[in-house]
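> Please see the structure below; I have some questions.
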Amino acid sequence: MPVRIYRDRQIRLDALRGKICGVIGFGSQGHAHALNLRDSGFTVMVGLRRNSKRRGLARAHHLPVLPLRETVERSDIIFLALPDTTMPGVFGRQIAPHLRAGQTVLFAHGFTVVYKTVVPPPNVNVLMVAPKGLGEMVRREFVAGRGVPALVAVEHDFTGQARAIAFAWAKAIGCARAGVIETTFREETETDLFGEQAVLCGGTTALIHAAFKTLVQAGYAPELAYFECLHELKFIVDMIHEVGIAGMRDLISDTAKWGEMTVGPRIVNQHVTKNMRAALEKIRSGKFAREFIREMETGQRRYRALLHQERRRPIEKTGRRLRALMNWRKNK
């Protein structure tokens, strides 16, 4: 059953009026939310550690910058724009001790709440506003008078205003211009993890590496393999993003269409689907999260070894040489 999509005209900003919005962190999402809120007419302050390199950047945008404790104490809504790996420590030491009853703690992703690495007290609202785009896109689209879609969710409603605050925040950062969908923390987290693993990051890079290796081992030049299996992927993804899969087919050659429809399903077949189901079950059971959290807390040896191993793949060497020839990339 299709979900309801809320647009600008259906959402009121009343729940934000008169409130101080504290943004903890000024990275990708933090800077976008802070600037969009400010430009929508709301009071914003940025909370950063005293030694943060982002302090100068936030001040250059004419935003008040305060220590974390003061930001928490003075804000009505605290947006935790921090990585999942660092958020638990910062929250436990510098956020939670200074929260008061009736405040709102807002997240852009549900991982830390779902897997309880962050446990807000029971006397605050716990919300999520998750734009479906990187922070740079959230800001760029807002400035252009557009927006990116967002998911909103309420995990705990202490004041009776949690849902209204979540929708108002989504509208204030421009997301309601594109559309806002209501979900849950768990649903957002599990689908996000699955998408990253099965398609967006894990599935895509594994497919690229396998295709590159197949061509090179068959005697084709690495440079040709790079162009066909990695470089041109952007063109196809851009088309799918703009007009969907069927629309992409309308724009490619008959040869490409026939090959896509007859060969693609033999490569990404039922065996792949079975592996995807297993990956999803690992996410839903919490096993993936437990393994990830344990790795982050015990030295990250395997994590760092895997990153090092991936950087040494032959396709990376070929790509670095070819990308250096693409002057248009430098201009962009």
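Residue numbering restarts at 1 for every chain of the structure tokens, chains are lettered A, B, ... in their displayed order, and ligands are numbered from 1 as they appear.
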Each residue of region 48-102 of chain A with at least one atom at most 12 Å from region 281-293 of chain A should appear once, together with its nearest atom pair and the corresponding distance in Å (one decimal); atoms considered: only C-alpha atoms; ordering: chain, then increasing residue number; output as JSON lines.

```
{"residue": "A:Asp84", "atom": "CA", "partner": "A:Ile293", "partner_atom": "CA", "distance": 9.7}
{"residue": "A:Thr85", "atom": "CA", "partner": "A:Ile293", "partner_atom": "CA", "distance": 8.1}
{"residue": "A:Thr86", "atom": "CA", "partner": "A:Ile293", "partner_atom": "CA", "distance": 11.1}
{"residue": "A:Pro88", "atom": "CA", "partner": "A:Ile293", "partner_atom": "CA", "distance": 10.8}
```
> With N, CA, C and O atoms retained, could you export that selection as a PDB file, in the first residue's frame?

```
ATOM      1  N   ASP A  84      27.618   7.881  13.671  1.00  0.00           N
ATOM      2  CA  ASP A  84      27.130   6.831  14.564  1.00  0.00           C
ATOM      3  C   ASP A  84      28.222   6.304  15.493  1.00  0.00           C
ATOM      4  O   ASP A  84      27.937   5.859  16.605  1.00  0.00           O
ATOM      5  N   THR A  85      29.471   6.344  15.030  1.00  0.00           N
ATOM      6  CA  THR A  85      30.565   5.776  15.824  1.00  0.00           C
ATOM      7  C   THR A  85      30.988   6.680  16.976  1.00  0.00           C
ATOM      8  O   THR A  85      31.424   6.187  18.023  1.00  0.00           O
ATOM      9  N   THR A  86      30.873   7.987  16.815  1.00  0.00           N
ATOM     10  CA  THR A  86      31.303   8.906  17.872  1.00  0.00           C
ATOM     11  C   THR A  86      30.151   9.403  18.733  1.00  0.00           C
ATOM     12  O   THR A  86      30.366   9.888  19.843  1.00  0.00           O
ATOM     13  N   PRO A  88      27.740   7.903  20.549  1.00  0.00           N
ATOM     14  CA  PRO A  88      27.505   7.375  21.904  1.00  0.00           C
ATOM     15  C   PRO A  88      28.386   8.017  22.965  1.00  0.00           C
ATOM     16  O   PRO A  88      27.903   8.376  24.046  1.00  0.00           O
TER      17      PRO A  88
END
```
> Excluding same-chain residues fewer than 5 positions from Glu141 (chain A), what lies within 12 Å of it counting only C-alpha atoms, as a VMD selection string?
chain A and resid 32 36 131 133 to 136 146 to 149 173 to 178
> Take the residues that were just selected and, keeping C-alpha atoms, output them as a short mmCIF file (atom, residue, chain, number, x, y, z; two decimals), in the first residue's frame.

```cif
data_model
loop_
_atom_site.label_atom_id
_atom_site.label_comp_id
_atom_site.auth_asym_id
_atom_site.auth_seq_id
_atom_site.Cartn_x
_atom_site.Cartn_y
_atom_site.Cartn_z
CA ALA A 32 22.87 22.01 5.99
CA ASN A 36 18.51 26.07 6.23
CA PRO A 131 16.85 13.72 4.40
CA GLY A 133 20.44 13.05 0.25
CA LEU A 134 23.86 14.19 1.40
CA GLY A 135 24.06 17.40 3.38
CA GLU A 136 25.57 19.30 0.46
CA ARG A 146 13.77 23.16 -4.12
CA GLY A 147 14.31 20.35 -1.61
CA VAL A 148 15.19 16.70 -1.13
CA PRO A 149 12.68 14.18 0.26
CA ILE A 173 15.07 22.59 6.11
CA GLY A 174 13.25 22.44 2.77
CA CYS A 175 12.40 18.74 2.58
CA ALA A 176 8.63 19.23 2.40
CA ARG A 177 9.13 20.99 -0.94
CA ALA A 178 9.95 17.53 -2.32
#
```
> In region 45-174 of chain A, what's alpha helix (DSSP H) per DSSP? Answer as JSON, numbers by chain?
{"A": [55, 56, 57, 58, 59, 60, 68, 69, 70, 71, 72, 73, 74, 87, 88, 89, 90, 111, 112, 113, 114, 135, 136, 137, 138, 139, 140, 141, 142, 143, 162, 163, 164, 165, 166, 167, 168, 169, 170, 171, 172]}
> Could you state the separation of CA of Gly244 (chain A) and CA of Gln29 (chain A) in Å, given to one decimal place?
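So the two atoms, CA of Gly244 (chain A) and CA of Gln29 (chain A), lie 26.3 Å apart.
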> Per DSSP on the backbone, what are the strand (DSSP E or B) residues of region 60-117 of chain A, as a PyMOL selection string?
chain A and resi 65-66+77-80+104-107
> Report, in Å with one decimal, the straight-line distance from CA of Thr273 (chain A) to CA of Ile240 (chain A).
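Atom-to-atom, CA of Thr273 (chain A) and CA of Ile240 (chain A) are spaced 21.2 Å apart.
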> Name all residues at most 9 Å from Glu188 (chain A) (count only C-alpha atoms; drop same-chain ones fewer than 2 positions away) and give them as a list in words.
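In the requested form, the answer reads His109, Gly110, Phe111, Ala130, Leu151, Val152, Ala153, Thr183, Thr184, Phe185, Arg186, Glu190, Thr191, Asp192 and Leu193 of chain A.
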> Output C-alpha atoms for every residue in that selection, as a JSON list (two decimals), in the first residue's frame.

```
[["chain", "number", "residue", "atom", "x", "y", "z"],
["A", 109, "HIS", "CA", 19.47, 8.28, 11.29],
["A", 110, "GLY", "CA", 18.02, 5.68, 13.62],
["A", 111, "PHE", "CA", 21.01, 3.36, 14.14],
["A", 130, "ALA", "CA", 16.37, 11.87, 7.71],
["A", 151, "LEU", "CA", 11.74, 10.50, 6.32],
["A", 152, "VAL", "CA", 10.41, 11.48, 9.74],
["A", 153, "ALA", "CA", 9.78, 9.29, 12.78],
["A", 183, "THR", "CA", 8.13, 5.93, 9.13],
["A", 184, "THR", "CA", 9.71, 4.41, 12.26],
["A", 185, "PHE", "CA", 13.25, 4.45, 13.60],
["A", 186, "ARG", "CA", 13.57, 0.70, 13.03],
["A", 190, "GLU", "CA", 16.98, -1.53, 8.58],
["A", 191, "THR", "CA", 16.16, -0.35, 5.04],
["A", 192, "ASP", "CA", 19.09, 2.09, 5.10],
["A", 193, "LEU", "CA", 21.57, -0.59, 6.15]]
```
> Kindly indicate which residue among A:Leu306, A:Leu82, A:Val65, A:Cys21 lies nearest to Gln103 (chain A), using only C-alpha atoms for the distances.
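Of A:Leu306, A:Leu82, A:Val65, A:Cys21, the one nearest Gln103 (chain A), counting only C-alpha atoms, is A:Cys21.
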